[in-house]
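K.L.:
Let me give you the structure first, and then I'll get to my questions.
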Amino acid sequence: MLAKTFAGILLGLPLTLALISVVIWIWPGSSEAVTLPVMMAFFPLWVGIMGATYMFRSGPRAWAWLAVANLGAFAALWVAKHTLPGL
Amino acid sequence: MKASTIRTFTTVHTWTGLLAGFALFIAFYAGALTMFHDEIDTWAVPRAEMARADALDRAHVMLADIVARHPAAGESIGVTYPAEHPSHEVAAYWMEKDGSWRTQSLDDTAARDAEDHEHGLADFIYELHYDLGIPAIGIYLMGVVSIIYGLALLTGVLIHLPNLVREMFALRPGHNLKRLWQDSHNVIGILSLPFHIIFAVTGALLCLTLVMLVAFNTVAFDGKLMGAFERMTSALPETKDKGGSAVMLTPAELGARARQAAIAAGAADFEPDYMRYVHYGHQGAAAEVRGTSTKTLGEYGMVALDAVDGHVMKVQVTGARDANHATYSAIFGLHFGTFGSLSLRWLYFLLGLAGAFLFYSGNLLYIETRRKRRQADQPMKVRAMATATVGVCIGSCFAISCTFLGNLLGGLSGIEATSLVQPVCFATFALAILWTFWRKPAKAAVDLLFATAAVSVAVGVLDIAVHHDRLMRMLGEGRYEVLGLDLVAIAMGAGFAWLGVATRRRAVEGDPCSVWSSRRRDPQDVATKAREA
């Protein structure tokens, strides 16, 4: 259970950062126009991910899946940064 | 949901409650009182308000004088507009070249450090609400507490979900006291859930916005976010210092023009409360006036004007602002309960007290769940939790009431009340903690509740007795804030006394196999009870 808790805190944080950033980057039209409203979702999303992490069958699974999700989210962010105008 | 999942979430709920509950109790109790910040300030500083008609003219002269003596202030200098509570100062704020913030109020003869100011009672209670009185890091600590609080809310709702509809309004008084506590914890948690979601989200944002921005700035936006944040929260467009010299329009004039522009843009009204100049005294100077409007979720709005000719450059007020400004303003409106009238503030006050009760009852449920039903001696963790709950929760109520009393008595004996509030609060809080250790929780809870009741009633009664001339004068003007505070203090005193009576009954007559029993440990009595159980 402690393993899942730390997975939710330590891997949930960068995952939330990346997911929120991707939404801002790929927003059609101006990204800057929606930056603050989307960022409002930062803490609720992180808390949601922390809560959802307890649904994994084991600690190692939680770490593994969240690591994969992080890779995916940061890859998407990298692509967005290199193809879209951003702020 | 599987039973094992519910068990996991119950464990998370317990631990998050343990970690955040005490801080949240103080934050909600002090926060509920802060709904009446200006009323407390009026009550605490019994001198007539200095809303002198010429305050803004003097501010205009002061600004020119400051910029002449501190060239760095010319780049950007802000000033507050007069407000109707006594410790409010019309003061200028600016940043020196070394990055330190300086301030000077109308009554000052020279600049001072902006951090270096004495806090009156109202400001002290407000700060207690968001930093627990811990300097520098307290606010970040409360930000972390807000995140844990969010997780506690989420898990609490999930645990309760299977019974949510069936037990929506269930409150079952009777033999099973734990059931009653559990019901009241659930019913308050569910019925005030929207309020708690608002506070978990806005509380975290208000404490940790800077940290969050730095993280996003580094990870995702390659250093461009800070400049964008400035654009997203300010009305000032890009301005350029064109050198030379120019006569600045006065804060009064700019405030009046900003109000005109805001109302023309659709705001119901616009009350300027703060403004700042950039490039003061130079060609190209601009001003941004911040003010509050009613009949909107986010009361704060901004108007940018040319500080030389006064033409409106940009309006960001309710009805005429973009999503970023609306969101930023709504965070404050939702947290401070400024989107309604007096009745909304009362609702926030009551929900705030109910929130404090939610965290208190959570601790009681922790104790009750782990109680040994067949023996008088309770496990260490139950005794520790009971001691901490009584000491911190009731102790903070006691300390806050004592701070009000200290402010009142200090004023009478000629001591500057602002130098008194913090030591009185911390000393009485420490006293309450020591008392709880010494007397054990069952007796200490009764003592502290009665002491809080006595002090609270004394706050109201003494103020009426000592400052009755002020009371009559204000009532004559049709202002009820001082009388209101006195009456609320007396009513809360009565409430604490009622809790004290109930707690004493529990300690004397209740089940002896509990940390809440103060009965002498009569082995036979315990044995009888154990058989009954």
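Note on naming: chains are A, B, ... as they come in the structure tokens, residues start from 1 per chain, ligands start from 1 in the order shown.
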Restrict the calculation to only C-alpha atoms, then for each residue of chain B with any atom at most 8 Å from an atom of chain A give the closest atom pair and their distance in Å to one decimal, rows by chain and rising residue number, as JSON lines.

P.N.:
{"residue": "B:Thr5", "atom": "CA", "partner": "A:Met55", "partner_atom": "CA", "distance": 7.1}
{"residue": "B:Thr8", "atom": "CA", "partner": "A:Tyr54", "partner_atom": "CA", "distance": 7.4}
{"residue": "B:Phe9", "atom": "CA", "partner": "A:Tyr54", "partner_atom": "CA", "distance": 7.8}
{"residue": "B:Ile147", "atom": "CA", "partner": "A:Phe43", "partner_atom": "CA", "distance": 7.0}
{"residue": "B:Gly150", "atom": "CA", "partner": "A:Val47", "partner_atom": "CA", "distance": 6.4}
{"residue": "B:Leu151", "atom": "CA", "partner": "A:Val47", "partner_atom": "CA", "distance": 5.6}
{"residue": "B:Leu154", "atom": "CA", "partner": "A:Gly51", "partner_atom": "CA", "distance": 7.3}
{"residue": "B:Thr155", "atom": "CA", "partner": "A:Gly51", "partner_atom": "CA", "distance": 7.1}
{"residue": "B:Val201", "atom": "CA", "partner": "A:Phe43", "partner_atom": "CA", "distance": 6.6}
{"residue": "B:Ala204", "atom": "CA", "partner": "A:Phe43", "partner_atom": "CA", "distance": 7.2}
{"residue": "B:Leu205", "atom": "CA", "partner": "A:Met40", "partner_atom": "CA", "distance": 7.7}
{"residue": "B:Ala215", "atom": "CA", "partner": "A:Leu17", "partner_atom": "CA", "distance": 8.0}
{"residue": "B:Phe216", "atom": "CA", "partner": "A:Leu17", "partner_atom": "CA", "distance": 6.7}
{"residue": "B:Val219", "atom": "CA", "partner": "A:Leu17", "partner_atom": "CA", "distance": 7.7}
{"residue": "B:Ala220", "atom": "CA", "partner": "A:Ser21", "partner_atom": "CA", "distance": 6.1}
{"residue": "B:Phe221", "atom": "CA", "partner": "A:Leu87", "partner_atom": "CA", "distance": 7.5}
{"residue": "B:Lys224", "atom": "CA", "partner": "A:Leu87", "partner_atom": "CA", "distance": 7.0}
{"residue": "B:Leu225", "atom": "CA", "partner": "A:Leu87", "partner_atom": "CA", "distance": 7.4}
{"residue": "B:Ala228", "atom": "CA", "partner": "A:Leu87", "partner_atom": "CA", "distance": 7.2}
{"residue": "B:Met232", "atom": "CA", "partner": "A:Leu36", "partner_atom": "CA", "distance": 7.7}
{"residue": "B:Asp322", "atom": "CA", "partner": "A:Ala33", "partner_atom": "CA", "distance": 7.3}
{"residue": "B:Ala323", "atom": "CA", "partner": "A:Val34", "partner_atom": "CA", "distance": 6.4}
{"residue": "B:Asn324", "atom": "CA", "partner": "A:Leu36", "partner_atom": "CA", "distance": 5.2}
{"residue": "B:Thr327", "atom": "CA", "partner": "A:Pro37", "partner_atom": "CA", "distance": 5.8}
{"residue": "B:Tyr328", "atom": "CA", "partner": "A:Leu36", "partner_atom": "CA", "distance": 7.2}

K.L.:
Just the selected residues (C-alpha atoms), exported as a PDB file, in the first residue's frame, please.

P.N.:
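Just written: selection-v4.pdb:
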ATOM      1  CA  THR B   5     -10.995  -1.714  -2.269  1.00  0.00           C
ATOM      2  CA  THR B   8      -7.912   0.276   1.213  1.00  0.00           C
ATOM      3  CA  PHE B   9      -9.730   3.584   0.769  1.00  0.00           C
ATOM      4  CA  ILE B 147      -3.820  18.378  -1.303  1.00  0.00           C
ATOM      5  CA  GLY B 150      -8.508  16.603  -1.399  1.00  0.00           C
ATOM      6  CA  LEU B 151      -7.445  12.967  -1.166  1.00  0.00           C
ATOM      7  CA  LEU B 154     -12.199  11.707  -2.524  1.00  0.00           C
ATOM      8  CA  THR B 155     -11.662   8.568  -0.447  1.00  0.00           C
ATOM      9  CA  VAL B 201      -9.086  23.136  -4.912  1.00  0.00           C
ATOM     10  CA  ALA B 204      -4.232  24.413  -2.798  1.00  0.00           C
ATOM     11  CA  LEU B 205      -4.135  26.979  -5.617  1.00  0.00           C
ATOM     12  CA  ALA B 215       6.997  23.594 -12.198  1.00  0.00           C
ATOM     13  CA  PHE B 216       4.975  24.165 -15.389  1.00  0.00           C
ATOM     14  CA  VAL B 219       8.713  21.277 -17.494  1.00  0.00           C
ATOM     15  CA  ALA B 220       6.406  22.406 -20.269  1.00  0.00           C
ATOM     16  CA  PHE B 221       6.759  26.014 -21.314  1.00  0.00           C
ATOM     17  CA  LYS B 224       7.658  31.492 -21.237  1.00  0.00           C
ATOM     18  CA  LEU B 225       4.930  30.909 -18.635  1.00  0.00           C
ATOM     19  CA  ALA B 228       2.292  34.850 -19.982  1.00  0.00           C
ATOM     20  CA  MET B 232      -3.232  36.437 -18.044  1.00  0.00           C
ATOM     21  CA  ASP B 322     -11.264  36.604 -21.093  1.00  0.00           C
ATOM     22  CA  ALA B 323     -11.271  33.079 -19.628  1.00  0.00           C
ATOM     23  CA  ASN B 324      -7.946  33.560 -17.807  1.00  0.00           C
ATOM     24  CA  THR B 327     -10.855  32.042 -13.765  1.00  0.00           C
ATOM     25  CA  TYR B 328      -8.277  33.890 -11.707  1.00  0.00           C
TER      26      TYR B 328
END

K.L.:
For the structure I just gave you, how does DSSP split segment 24-79 of chain A - specifically, which residues are helix (DSSP H, G or I)? Reply as an MDAnalysis selection string.

P.N.:
chainID A and resid 24:26 32:39 42:53 59:79

K.L.:
Only N, CA and C atoms, please: the residues just picked out, written as a compact mmCIF listing (two decimals), in the first residue's frame.

P.N.:
# COMPACT_ATOMS: atom_id res chain seq x y z
N ILE A 24 -3.06 22.02 -22.75
CA ILE A 24 -2.86 23.44 -23.06
C ILE A 24 -2.21 23.60 -24.44
N TRP A 25 -1.18 22.79 -24.70
CA TRP A 25 -0.45 22.91 -25.99
C TRP A 25 -1.34 22.61 -27.18
N ILE A 26 -2.16 21.55 -27.07
CA ILE A 26 -2.90 21.15 -28.28
C ILE A 26 -4.25 21.85 -28.37
N GLU A 32 -2.77 30.22 -24.99
CA GLU A 32 -2.73 31.16 -23.86
C GLU A 32 -4.14 31.50 -23.38
N ALA A 33 -5.13 31.43 -24.29
CA ALA A 33 -6.50 31.81 -23.93
C ALA A 33 -7.10 30.89 -22.87
N VAL A 34 -6.58 29.65 -22.74
CA VAL A 34 -7.19 28.70 -21.80
C VAL A 34 -6.21 28.21 -20.75
N THR A 35 -5.03 28.84 -20.66
CA THR A 35 -4.00 28.32 -19.76
C THR A 35 -4.48 28.21 -18.31
N LEU A 36 -5.02 29.30 -17.77
CA LEU A 36 -5.41 29.25 -16.35
C LEU A 36 -6.59 28.31 -16.09
N PRO A 37 -7.67 28.36 -16.89
CA PRO A 37 -8.76 27.41 -16.62
C PRO A 37 -8.29 25.96 -16.64
N VAL A 38 -7.42 25.61 -17.60
CA VAL A 38 -6.97 24.21 -17.65
C VAL A 38 -6.07 23.91 -16.46
N MET A 39 -5.21 24.87 -16.08
CA MET A 39 -4.32 24.63 -14.93
C MET A 39 -5.08 24.45 -13.62
N PHE A 42 -5.19 21.08 -12.24
CA PHE A 42 -3.94 20.41 -11.84
C PHE A 42 -4.08 19.61 -10.54
N PHE A 43 -4.50 20.30 -9.45
CA PHE A 43 -4.57 19.60 -8.16
C PHE A 43 -5.66 18.53 -8.14
N PRO A 44 -6.89 18.81 -8.66
CA PRO A 44 -7.89 17.74 -8.69
C PRO A 44 -7.43 16.51 -9.48
N LEU A 45 -6.74 16.75 -10.61
CA LEU A 45 -6.30 15.61 -11.41
C LEU A 45 -5.24 14.79 -10.67
N TRP A 46 -4.30 15.48 -10.05
CA TRP A 46 -3.25 14.79 -9.28
C TRP A 46 -3.90 13.94 -8.16
N VAL A 47 -4.84 14.55 -7.44
CA VAL A 47 -5.53 13.82 -6.37
C VAL A 47 -6.28 12.63 -6.95
N GLY A 48 -6.92 12.82 -8.10
CA GLY A 48 -7.64 11.72 -8.75
C GLY A 48 -6.70 10.58 -9.11
N ILE A 49 -5.51 10.93 -9.63
CA ILE A 49 -4.53 9.90 -10.00
C ILE A 49 -4.04 9.18 -8.74
N MET A 50 -3.79 9.95 -7.67
CA MET A 50 -3.35 9.31 -6.42
C MET A 50 -4.40 8.32 -5.94
N GLY A 51 -5.68 8.72 -6.01
CA GLY A 51 -6.76 7.83 -5.59
C GLY A 51 -6.85 6.61 -6.47
N ALA A 52 -6.75 6.82 -7.78
CA ALA A 52 -6.91 5.72 -8.73
C ALA A 52 -5.75 4.72 -8.60
N THR A 53 -4.57 5.19 -8.17
CA THR A 53 -3.41 4.32 -8.05
C THR A 53 -3.66 3.15 -7.10
N GLY A 59 1.84 -2.92 -5.76
CA GLY A 59 2.70 -1.74 -5.83
C GLY A 59 3.54 -1.69 -7.11
N PRO A 60 4.28 -2.78 -7.43
CA PRO A 60 5.10 -2.77 -8.64
C PRO A 60 4.28 -2.49 -9.90
N ARG A 61 3.06 -3.06 -9.97
CA ARG A 61 2.20 -2.79 -11.13
C ARG A 61 1.88 -1.29 -11.22
N ALA A 62 1.58 -0.69 -10.04
CA ALA A 62 1.26 0.74 -10.03
C ALA A 62 2.44 1.54 -10.58
N TRP A 63 3.65 1.22 -10.08
CA TRP A 63 4.85 1.93 -10.56
C TRP A 63 5.03 1.74 -12.05
N ALA A 64 4.87 0.49 -12.50
CA ALA A 64 5.11 0.20 -13.91
C ALA A 64 4.11 0.94 -14.80
N TRP A 65 2.83 0.86 -14.49
CA TRP A 65 1.82 1.50 -15.33
C TRP A 65 1.96 3.02 -15.32
N LEU A 66 2.21 3.57 -14.13
CA LEU A 66 2.36 5.03 -14.08
C LEU A 66 3.61 5.48 -14.83
N ALA A 67 4.67 4.64 -14.79
CA ALA A 67 5.89 4.98 -15.54
C ALA A 67 5.58 5.00 -17.03
N VAL A 68 4.83 3.98 -17.49
CA VAL A 68 4.46 3.93 -18.91
C VAL A 68 3.60 5.15 -19.27
N ALA A 69 2.64 5.47 -18.41
CA ALA A 69 1.78 6.62 -18.67
C ALA A 69 2.60 7.90 -18.75
N ASN A 70 3.61 8.02 -17.86
CA ASN A 70 4.48 9.20 -17.90
C ASN A 70 5.22 9.29 -19.23
N LEU A 71 5.78 8.13 -19.66
CA LEU A 71 6.50 8.12 -20.94
C LEU A 71 5.58 8.60 -22.06
N GLY A 72 4.37 8.05 -22.08
CA GLY A 72 3.41 8.42 -23.12
C GLY A 72 3.09 9.91 -23.08
N ALA A 73 2.80 10.41 -21.87
CA ALA A 73 2.39 11.82 -21.74
C ALA A 73 3.53 12.76 -22.12
N PHE A 74 4.77 12.42 -21.68
CA PHE A 74 5.89 13.31 -22.01
C PHE A 74 6.25 13.21 -23.49
N ALA A 75 6.05 12.03 -24.09
CA ALA A 75 6.26 11.90 -25.54
C ALA A 75 5.27 12.79 -26.28
N ALA A 76 4.01 12.76 -25.86
CA ALA A 76 2.99 13.60 -26.49
C ALA A 76 3.35 15.08 -26.32
N LEU A 77 3.84 15.42 -25.12
CA LEU A 77 4.22 16.82 -24.87
C LEU A 77 5.36 17.22 -25.79
N TRP A 78 6.33 16.31 -25.99
CA TRP A 78 7.49 16.59 -26.84
C TRP A 78 7.03 16.85 -28.28
N VAL A 79 6.13 15.98 -28.74
CA VAL A 79 5.61 16.15 -30.11
C VAL A 79 4.87 17.49 -30.22

K.L.:
Hey, can you check how far atom CA of Leu56 of chain B sits from atom CA of Thr250 of chain B?

P.N.:
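Spanning atom CA of Leu56 of chain B to atom CA of Thr250 of chain B is a straight-line distance of 8.1 Å.
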
K.L.:
What is the atom CA of Ala72 of chain B-atom CA of Thr103 of chain B distance in Å, reported with one decimal?

P.N.:
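One can read the atom CA of Ala72 of chain B to atom CA of Thr103 of chain B distance as 12.9 Å.
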
K.L.:
What does the distance between atom CA of Pro379 of chain B and atom CA of Leu364 of chain B come to in Å, to one decimal place?

P.N.:
14.6 Å

K.L.:
Give the strand (DSSP E) residues of segment 226-377 of chain B, as assigned by DSSP on the backbone, as a PDB file with C-alpha atoms, in the first residue's frame.

P.N.:
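Result file follows (part18.pdb):
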ATOM      1  CA  GLU B 271     -15.164  50.032  -6.350  1.00  0.00           C
ATOM      2  CA  PRO B 272     -11.403  50.692  -6.816  1.00  0.00           C
ATOM      3  CA  ASP B 273      -9.298  49.123  -4.041  1.00  0.00           C
ATOM      4  CA  TYR B 274      -5.735  49.156  -5.455  1.00  0.00           C
ATOM      5  CA  MET B 275      -3.894  50.674  -8.379  1.00  0.00           C
ATOM      6  CA  ARG B 276      -0.386  50.816  -9.739  1.00  0.00           C
ATOM      7  CA  TYR B 277       1.538  53.088 -12.075  1.00  0.00           C
ATOM      8  CA  VAL B 278       4.261  51.949 -14.441  1.00  0.00           C
ATOM      9  CA  ALA B 286       0.246  53.760 -17.647  1.00  0.00           C
ATOM     10  CA  ALA B 287      -1.902  52.772 -14.701  1.00  0.00           C
ATOM     11  CA  GLU B 288      -3.856  49.681 -13.783  1.00  0.00           C
ATOM     12  CA  VAL B 289      -6.804  50.131 -11.401  1.00  0.00           C
ATOM     13  CA  ARG B 290      -8.099  47.038  -9.598  1.00  0.00           C
ATOM     14  CA  GLY B 291     -11.562  47.118  -8.141  1.00  0.00           C
ATOM     15  CA  THR B 292     -14.463  44.985  -7.007  1.00  0.00           C
ATOM     16  CA  TYR B 300     -12.034  41.530  -8.858  1.00  0.00           C
ATOM     17  CA  GLY B 301     -11.721  43.354 -12.151  1.00  0.00           C
ATOM     18  CA  MET B 302      -9.069  45.569 -13.715  1.00  0.00           C
ATOM     19  CA  VAL B 303      -8.933  48.564 -15.986  1.00  0.00           C
ATOM     20  CA  ALA B 304      -5.722  49.781 -17.635  1.00  0.00           C
ATOM     21  CA  LEU B 305      -5.464  53.472 -18.491  1.00  0.00           C
ATOM     22  CA  ASP B 306      -2.935  55.871 -19.874  1.00  0.00           C
ATOM     23  CA  VAL B 312      -8.761  53.531 -21.419  1.00  0.00           C
ATOM     24  CA  MET B 313      -6.324  50.925 -22.803  1.00  0.00           C
ATOM     25  CA  LYS B 314      -7.885  47.655 -21.694  1.00  0.00           C
ATOM     26  CA  VAL B 315     -10.851  46.526 -19.587  1.00  0.00           C
ATOM     27  CA  GLN B 316     -10.864  43.181 -17.735  1.00  0.00           C
TER      28      GLN B 316
END

K.L.:
Can you tell me which residues surround Ala170 of chain B at a distance of at most 8 Å, considering only C-alpha atoms, apart from same-chain residues fewer than 2 positions away, and format the answer as a list of chain:residue names?

P.N.:
B:Arg166, B:Glu167, B:Met168, B:Arg172, B:Asp183, B:Val187

K.L.:
Using only C-alpha atoms, which of the listed residues (B:Glu368, B:Val144, B:Asp116, B:Ser4) sits closest to Ile9 of chain A?

P.N.:
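Result for the nearest residue to Ile9 of chain A: B:Val144.
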